[in-house]
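One file, data_0.txt, carrying compact mmCIF, C-alpha atoms and all ligand atoms:
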```txt
# COMPACT_ATOMS: atom_id res chain seq x y z
CA MET I 1 0.00 0.00 0.00
CA PRO I 2 2.45 2.73 -1.12
CA PHE I 3 -0.13 5.47 -0.72
CA SER I 4 -1.10 4.43 2.80
CA LEU I 5 -0.63 6.91 5.63
CA LEU I 6 -1.36 4.31 8.28
CA GLY I 7 0.52 5.00 11.51
CA LYS I 8 1.70 8.43 10.40
CA THR I 9 0.89 11.51 12.47
CA ILE I 10 0.28 14.54 10.26
CA LEU I 11 0.07 18.13 11.48
CA ILE I 12 -2.04 20.30 9.14
CA THR I 13 -2.24 24.07 9.61
CA GLY I 14 -5.19 26.03 8.23
CA ALA I 15 -7.20 22.86 8.84
CA ALA I 16 -10.49 24.71 9.26
CA GLY I 17 -10.23 26.05 5.71
CA GLY I 18 -11.24 24.56 2.39
CA ILE I 19 -8.00 22.87 1.30
CA GLY I 20 -6.85 22.09 4.86
CA SER I 21 -10.06 20.33 5.90
CA GLU I 22 -10.20 18.36 2.65
CA THR I 23 -6.55 17.35 3.11
CA ALA I 24 -7.52 16.14 6.58
CA ARG I 25 -10.34 14.04 5.05
CA VAL I 26 -8.08 12.45 2.43
CA CYS I 27 -5.29 11.77 4.94
CA ALA I 28 -7.81 10.22 7.35
CA GLU I 29 -9.13 8.00 4.54
CA LEU I 30 -5.53 6.84 4.00
CA GLY I 31 -5.18 5.93 7.68
CA ALA I 32 -3.31 8.92 9.16
CA ASN I 33 -3.58 10.20 12.71
CA LEU I 34 -4.21 13.92 12.55
CA VAL I 35 -3.25 17.05 14.43
CA LEU I 36 -5.50 19.77 13.03
CA ALA I 37 -4.56 23.38 13.74
CA ASP I 38 -6.02 26.77 12.89
CA LEU I 39 -6.54 30.17 14.52
CA GLN I 40 -9.45 28.53 16.37
CA GLU I 41 -9.60 24.78 17.04
CA PRO I 42 -11.04 23.16 13.89
CA LEU I 43 -13.73 21.34 15.84
CA SER I 44 -16.20 20.64 13.06
CA ILE I 45 -13.83 18.71 10.77
CA ALA I 46 -12.31 16.98 13.81
CA GLU I 47 -15.74 15.77 14.95
CA GLU I 48 -16.58 14.58 11.41
CA LEU I 49 -13.37 12.56 11.11
CA ARG I 50 -13.54 11.14 14.64
CA GLY I 51 -17.04 9.95 13.71
CA LYS I 52 -15.40 7.93 10.94
CA GLY I 53 -12.86 6.41 13.35
CA ALA I 54 -9.85 8.69 12.84
CA ALA I 55 -7.60 9.74 15.72
CA VAL I 56 -7.72 13.54 15.68
CA GLN I 57 -6.21 16.17 17.97
CA VAL I 58 -7.10 19.85 17.59
CA LEU I 59 -4.94 22.89 18.28
CA ALA I 60 -5.40 26.66 18.10
CA PHE I 61 -2.41 28.88 17.38
CA ASP I 62 -1.39 31.68 15.06
CA VAL I 63 1.39 30.64 12.69
CA ARG I 64 2.87 34.14 13.10
CA ASP I 65 3.63 33.27 16.73
CA ARG I 66 7.11 31.74 16.65
CA GLN I 67 7.06 30.51 20.24
CA ALA I 68 3.63 28.92 19.88
CA SER I 69 4.73 27.15 16.68
CA GLU I 70 7.89 25.85 18.36
CA ASP I 71 5.93 24.63 21.40
CA VAL I 72 3.52 22.71 19.16
CA VAL I 73 6.31 20.99 17.24
CA GLN I 74 8.23 20.11 20.41
CA GLN I 75 5.28 18.90 22.45
CA LEU I 76 3.51 16.54 20.04
CA PRO I 77 4.26 12.93 21.05
CA GLN I 78 4.60 11.87 17.40
CA LEU I 79 5.13 13.97 14.28
CA ASP I 80 5.86 12.37 10.91
CA VAL I 81 4.56 14.98 8.47
CA ILE I 82 3.91 18.73 8.55
CA VAL I 83 1.51 20.20 6.00
CA ALA I 84 2.10 23.97 6.09
CA ASN I 85 -1.18 25.04 4.54
CA ALA I 86 -2.41 28.09 6.50
CA GLY I 87 -2.60 31.10 4.23
CA PHE I 88 -4.04 34.55 3.68
CA CYS I 89 -4.83 36.19 0.35
CA PRO I 90 -6.19 39.76 0.39
CA TRP I 91 -7.54 40.86 -2.97
CA ASP I 92 -6.57 44.52 -2.58
CA ASP I 93 -4.92 47.09 -4.81
CA TRP I 94 -1.37 48.19 -4.00
CA ASN I 95 -2.44 51.82 -4.54
CA GLU I 96 -4.74 51.65 -1.51
CA PRO I 97 -3.62 53.60 1.57
CA GLY I 98 -2.46 51.24 4.28
CA TRP I 99 -1.38 48.63 1.73
CA ASP I 100 2.06 48.33 3.33
CA ASP I 101 0.48 47.04 6.53
CA VAL I 102 -1.37 44.39 4.55
CA PHE I 103 1.90 43.55 2.79
CA HIS I 104 3.59 42.79 6.12
CA GLN I 105 0.59 40.80 7.35
CA THR I 106 0.56 38.74 4.15
CA ILE I 107 4.29 38.00 4.32
CA ASP I 108 4.05 37.20 8.03
CA ILE I 109 1.32 34.60 7.53
CA ASN I 110 2.33 33.05 4.21
CA ALA I 111 6.13 33.11 4.52
CA LEU I 112 7.30 33.74 8.09
CA GLY I 113 4.45 31.56 9.40
CA VAL I 114 5.77 28.64 7.36
CA ILE I 115 9.33 29.22 8.60
CA ASN I 116 8.12 29.43 12.22
CA LEU I 117 6.81 25.89 11.91
CA LEU I 118 9.34 24.24 9.62
CA ARG I 119 12.42 25.46 11.52
CA PRO I 120 11.58 23.49 14.68
CA GLY I 121 10.07 20.82 12.42
CA LEU I 122 13.45 20.26 10.76
CA ASN I 123 15.26 19.99 14.11
CA ARG I 124 12.74 17.47 15.35
CA MET I 125 12.77 15.40 12.16
CA ILE I 126 16.60 15.40 12.11
CA SER I 127 16.64 14.00 15.64
CA GLN I 128 14.13 11.28 14.72
CA GLY I 129 15.88 10.56 11.37
CA SER I 130 12.79 10.85 9.18
CA GLY I 131 9.94 13.11 8.19
CA ARG I 132 8.12 14.88 5.42
CA MET I 133 7.15 18.49 4.93
CA VAL I 134 4.57 19.59 2.39
CA LEU I 135 3.97 23.29 1.78
CA VAL I 136 0.85 24.65 0.14
CA SER I 137 2.12 27.35 -2.16
CA SER I 138 0.27 28.83 -5.16
CA VAL I 139 0.37 29.17 -8.90
CA ALA I 140 0.63 32.89 -8.07
CA GLY I 141 4.22 32.28 -6.94
CA ARG I 142 4.95 30.46 -10.21
CA MET I 143 3.55 32.84 -12.82
CA GLY I 144 2.01 35.82 -11.02
CA GLY I 145 -1.47 34.37 -10.59
CA LEU I 146 -4.69 35.20 -12.41
CA ARG I 147 -5.89 37.88 -9.99
CA ALA I 148 -3.53 37.87 -7.02
CA SER I 149 -2.04 41.01 -5.45
CA PRO I 150 1.74 41.45 -5.32
CA HIS I 151 2.20 40.78 -1.56
CA TYR I 152 0.70 37.30 -2.02
CA VAL I 153 2.80 36.70 -5.17
CA VAL I 154 5.96 37.72 -3.29
CA ALA I 155 5.13 35.49 -0.33
CA LYS I 156 4.30 32.42 -2.40
CA GLY I 157 7.25 32.98 -4.75
CA GLY I 158 9.47 33.14 -1.67
CA ILE I 159 7.99 29.92 -0.36
CA ASN I 160 8.70 28.22 -3.68
CA ALA I 161 12.37 29.21 -3.41
CA MET I 162 12.47 28.14 0.22
CA VAL I 163 11.19 24.66 -0.63
CA LYS I 164 14.39 24.08 -2.55
CA TRP I 165 16.62 25.61 0.13
CA LEU I 166 15.02 23.53 2.86
CA ALA I 167 14.86 20.37 0.75
CA ARG I 168 18.65 20.51 0.29
CA LYS I 169 19.16 21.00 4.03
CA ALA I 170 16.76 18.21 4.98
CA ALA I 171 17.49 15.52 2.39
CA PRO I 172 20.76 14.21 3.92
CA HIS I 173 18.75 13.41 7.05
CA GLY I 174 16.13 11.34 5.22
CA ILE I 175 13.57 14.14 5.28
CA THR I 176 11.75 15.33 2.17
CA VAL I 177 10.41 18.83 1.56
CA ASN I 178 8.02 19.54 -1.32
CA ALA I 179 5.13 21.81 -2.21
CA VAL I 180 1.87 21.75 -4.05
CA ALA I 181 1.12 24.94 -5.98
CA PRO I 182 -2.64 25.09 -6.52
CA GLY I 183 -4.41 27.21 -9.06
CA ALA I 184 -7.75 28.86 -8.27
CA THR I 185 -9.62 26.51 -5.95
CA ALA I 186 -13.21 26.77 -4.76
CA THR I 187 -12.77 27.71 -1.08
CA ASN I 188 -13.62 30.72 1.09
CA MET I 189 -10.37 32.33 -0.06
CA VAL I 190 -11.74 33.05 -3.53
CA GLN I 191 -15.33 33.74 -2.50
CA GLY I 192 -16.69 36.84 -4.23
CA GLN I 193 -13.81 36.93 -6.74
CA ALA I 194 -14.67 36.61 -10.41
CA PHE I 195 -12.23 34.30 -12.20
CA ASP I 196 -12.13 34.02 -15.97
CA GLU I 197 -12.46 30.26 -16.22
CA GLN I 198 -11.76 30.53 -19.97
CA ALA I 199 -8.18 31.38 -18.98
CA ILE I 200 -7.88 27.93 -17.37
CA PRO I 201 -7.16 25.20 -19.97
CA LEU I 202 -9.34 22.72 -18.02
CA GLY I 203 -12.06 25.38 -18.03
CA ARG I 204 -12.88 25.45 -14.31
CA MET I 205 -11.51 26.03 -10.83
CA ALA I 206 -10.17 23.09 -8.80
CA THR I 207 -12.22 21.44 -6.08
CA PRO I 208 -10.46 21.30 -2.70
CA ARG I 209 -10.22 17.52 -3.12
CA GLU I 210 -8.21 17.94 -6.32
CA ILE I 211 -5.59 19.81 -4.28
CA ALA I 212 -5.84 17.61 -1.19
CA MET I 213 -5.06 14.40 -3.08
CA PRO I 214 -1.67 15.58 -4.42
CA VAL I 215 -0.85 16.94 -0.94
CA ALA I 216 -1.63 13.53 0.58
CA PHE I 217 0.46 11.85 -2.12
CA LEU I 218 3.48 13.98 -1.16
CA CYS I 219 2.90 12.96 2.48
CA SER I 220 3.04 9.27 1.56
CA ASP I 221 5.89 6.81 0.98
CA ALA I 222 4.87 6.78 -2.68
CA ALA I 223 6.65 10.14 -2.89
CA SER I 224 9.83 8.95 -1.15
CA TYR I 225 12.17 10.05 -3.99
CA ILE I 226 10.51 13.42 -4.63
CA CYS I 227 12.72 16.11 -3.14
CA GLY I 228 12.45 19.90 -3.56
CA THR I 229 9.59 19.71 -6.05
CA ILE I 230 6.78 22.16 -6.56
CA LEU I 231 3.91 20.15 -7.91
CA ASP I 232 1.73 22.30 -10.21
CA VAL I 233 -1.96 21.55 -9.73
CA ASN I 234 -3.64 24.31 -11.68
CA GLY I 235 -5.71 22.97 -14.54
CA GLY I 236 -2.99 23.95 -17.01
CA VAL I 237 -2.73 27.66 -16.19
CA TYR I 238 1.01 27.24 -15.69
CA MET I 239 2.85 24.39 -17.38
CA ASN I 240 6.43 23.97 -16.22
N1 LIG S 301 -8.19 28.78 -2.81
C1 LIG S 301 -7.31 29.06 -3.75
O1 LIG S 301 -7.68 29.46 -4.88
C2 LIG S 301 -5.85 28.86 -3.51
C3 LIG S 301 -5.00 28.90 -4.62
C4 LIG S 301 -3.63 28.72 -4.43
C5 LIG S 301 -3.14 28.51 -3.15
N2 LIG S 301 -3.99 28.48 -2.10
C6 LIG S 301 -3.39 28.28 -0.78
O2 LIG S 301 -4.01 27.16 -0.16
C7 LIG S 301 -3.90 27.28 1.26
C8 LIG S 301 -5.26 27.02 1.87
O3 LIG S 301 -6.16 28.02 1.43
P1 LIG S 301 -7.74 27.79 1.25
O4 LIG S 301 -8.05 28.02 -0.17
O5 LIG S 301 -8.12 26.51 1.90
O6 LIG S 301 -8.27 29.04 2.05
P2 LIG S 301 -9.17 29.15 3.36
O7 LIG S 301 -9.33 30.61 3.58
O8 LIG S 301 -10.38 28.30 3.20
O9 LIG S 301 -8.25 28.51 4.48
C9 LIG S 301 -7.11 29.16 5.01
C10 LIG S 301 -7.02 28.79 6.47
O10 LIG S 301 -5.81 29.36 7.01
C11 LIG S 301 -6.12 29.84 8.31
N3 LIG S 301 -5.20 30.91 8.71
C12 LIG S 301 -5.10 32.15 8.17
N4 LIG S 301 -4.21 32.88 8.86
C13 LIG S 301 -3.73 32.09 9.84
C14 LIG S 301 -2.78 32.29 10.88
N5 LIG S 301 -2.16 33.46 11.03
N6 LIG S 301 -2.52 31.26 11.72
C15 LIG S 301 -3.14 30.07 11.56
N7 LIG S 301 -4.06 29.82 10.60
C16 LIG S 301 -4.34 30.82 9.76
C17 LIG S 301 -7.52 30.39 8.19
O11 LIG S 301 -8.15 30.52 9.46
C18 LIG S 301 -8.19 29.37 7.28
O12 LIG S 301 -8.85 28.34 8.00
C19 LIG S 301 -3.37 28.69 1.51
O13 LIG S 301 -1.99 28.63 1.78
C20 LIG S 301 -3.61 29.40 0.20
O14 LIG S 301 -2.74 30.48 0.01
C21 LIG S 301 -5.32 28.64 -2.25
```

Written as structure tokens, that's how I'd like the structure from this file.
Ligand SMILES: NC(=O)c1ccc[n+]([C@@H]2O[C@H](COP(=O)([O-])OP(=O)(O)OC[C@H]3O[C@@H](n4cnc5c(N)ncnc54)[C@H](O)[C@@H]3O)[C@@H](O)[C@H]2O)c1
Amino acid sequence: MPFSLLGKTILITGAAGGIGSETARVCAELGANLVLADLQEPLSIAEELRGKGAAVQVLAFDVRDRQASEDVVQQLPQLDVIVANAGFCPWDDWNEPGWDDVFHQTIDINALGVINLLRPGLNRMISQGSGRMVLVSSVAGRMGGLRASPHYVVAKGGINAMVKWLARKAAPHGITVNAVAPGATATNMVQGQAFDEQAIPLGRMATPREIAMPVAFLCSDAASYICGTILDVNGGVYMN
């Protein structure tokens, strides 16, 4: 069963959101034990998955809080995979007054928030001699996005570069680091935004499940030789 996640404990941030909660569902279907984290405890998805027999722990912390992130990573009894999925995408115009504040907020959540978690994650995985990290990036960091604002593009582009930096650091210790870069996906993040679906070769946005399945794949032993990759899952908007 190369795709099985049986016996693995997977920490997912942003687990109350569209892609995070669907990733939790897919990982639970594949047998994983889950630690689901968000700004508030993701109780609803946790209850749903416990009802189906999954072992689920919930946590509330802000990924911008370095100490809180380090405490989480250090205190979990088992941690095999981190899915750094929490994200924030304001659809504003860089001419708006106060945009710089939003810039810093966007970088703090999407870039520094990932580092806050993966830095202690790397130390822990080095000491246990194994582990996987999967980042949820964006097509916006690959080709500028269809509608994204520049702070989000900068943050996700930075994350894409960091995947490679971290993958090189982690690989000698038997740890893999990869990312999925989704295109427009039907979650709360894009609610109210008009996307030109004609600009997408497959002619539609992704469902959260279509992103969650590649994330789960990268968590599994089936992806054991994939190292420093950004997996494009965007309906053909960006073809590498
Ligand atoms: N939906 C899309 O079109 C799309 C496209 C490309 C990439 N992504 C990325 O996918 C990931 C998941 O997004 P989604 O579409 O599920 O959006 P979503 O808004 O449904 O979920 C995002 C989750 O992140 C959480 N979050 C935000 N700030 C946080 C913080 N400071 N600390 C902890 N948690 C925080 C939110 O509470 C929310 O539950 C994000 O990284 C996003 O950038 C989404």

List the neighbours of range 69-74 of chain I out to 12 Å using only C-alpha atoms; skip same-chain residues closer than 6 positions along the sequence, and give me the result as an mmCIF file with C-alpha atoms, in the frame of the given file.
```cif
data_model
loop_
_atom_site.group_PDB
_atom_site.id
_atom_site.type_symbol
_atom_site.label_atom_id
_atom_site.label_comp_id
_atom_site.auth_asym_id
_atom_site.auth_seq_id
_atom_site.Cartn_x
_atom_site.Cartn_y
_atom_site.Cartn_z
ATOM 1 C CA THR I 9 0.890 11.510 12.470
ATOM 2 C CA ILE I 10 0.280 14.540 10.260
ATOM 3 C CA LEU I 11 0.070 18.130 11.480
ATOM 4 C CA ILE I 12 -2.040 20.300 9.140
ATOM 5 C CA THR I 13 -2.240 24.070 9.610
ATOM 6 C CA VAL I 35 -3.250 17.050 14.430
ATOM 7 C CA LEU I 36 -5.500 19.770 13.030
ATOM 8 C CA ALA I 37 -4.560 23.380 13.740
ATOM 9 C CA ASP I 38 -6.020 26.770 12.890
ATOM 10 C CA LEU I 39 -6.540 30.170 14.520
ATOM 11 C CA GLN I 57 -6.210 16.170 17.970
ATOM 12 C CA VAL I 58 -7.100 19.850 17.590
ATOM 13 C CA LEU I 59 -4.940 22.890 18.280
ATOM 14 C CA ALA I 60 -5.400 26.660 18.100
ATOM 15 C CA PHE I 61 -2.410 28.880 17.380
ATOM 16 C CA ASP I 62 -1.390 31.680 15.060
ATOM 17 C CA VAL I 63 1.390 30.640 12.690
ATOM 18 C CA ASP I 80 5.860 12.370 10.910
ATOM 19 C CA VAL I 81 4.560 14.980 8.470
ATOM 20 C CA ILE I 82 3.910 18.730 8.550
ATOM 21 C CA ALA I 84 2.100 23.970 6.090
ATOM 22 C CA LEU I 112 7.300 33.740 8.090
ATOM 23 C CA GLY I 113 4.450 31.560 9.400
ATOM 24 C CA VAL I 114 5.770 28.640 7.360
ATOM 25 C CA ILE I 115 9.330 29.220 8.600
ATOM 26 C CA ASN I 116 8.120 29.430 12.220
ATOM 27 C CA LEU I 117 6.810 25.890 11.910
ATOM 28 C CA LEU I 118 9.340 24.240 9.620
ATOM 29 C CA ARG I 119 12.420 25.460 11.520
ATOM 30 C CA PRO I 120 11.580 23.490 14.680
ATOM 31 C CA GLY I 121 10.070 20.820 12.420
ATOM 32 C CA LEU I 122 13.450 20.260 10.760
ATOM 33 C CA ASN I 123 15.260 19.990 14.110
ATOM 34 C CA ARG I 124 12.740 17.470 15.350
ATOM 35 C CA MET I 125 12.770 15.400 12.160
ATOM 36 C CA SER I 127 16.640 14.000 15.640
#
```

Counting all atoms listed in the file, which residues come within 12 Å of (4.5, 19.9, -10.5), with the point read in the file's coordinates, and could you list them as a list in words?
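Every residue inside that radius is included here: Ser137, Ser138, Val139, Arg142, Asn160, Asn178, Ala179, Val180, Ala181, Pro182, Gly183, Ile211, Pro214, Val215, Leu218, Ile226, Cys227, Gly228, Thr229, Ile230, Leu231, Asp232, Val233, Asn234, Gly235, Gly236, Tyr238, Met239 and Asn240 of chain I.
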
To one decimal place, how far is atom O5 of ligand LIG 301 (chain S) from CA of Ser224 in chain I in Å?
25.3 Å

Could you jot down the atom C19 of ligand LIG 301 (chain S) to CA of Val136 in chain I separation for me, Å, one decimal place?
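Between these atoms lies a distance of 6.0 Å.
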
Please measure the separation of CA of Thr187 in chain I and CA of Trp165 in chain I, giving the value in Å to one decimal.
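Interatomic distance here is 29.5 Å.
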
Nearest candidate to Leu43 in chain I (options I:Leu30, I:Ala206, I:Ala140, I:Gly17; using only C-alpha atoms):
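Checking each candidate against Leu43 in chain I, we get I:Gly17 as the closest.
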
Selected residue of minimal separation from ligand LIG 301 (chain S) among I:Gly14, I:Pro77, I:Pro42, I:Gly203, counting only C-alpha atoms and all ligand atoms:
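For ligand LIG 301 (chain S), the nearest of the candidates is I:Gly14.
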
Which residue gives the smallest distance to ligand LIG 301 (chain S) among I:Asp101, I:Glu197, I:Asp65, I:Glu210, with all atoms listed in the file counted?
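Result for the nearest residue to ligand LIG 301 (chain S): I:Asp65.
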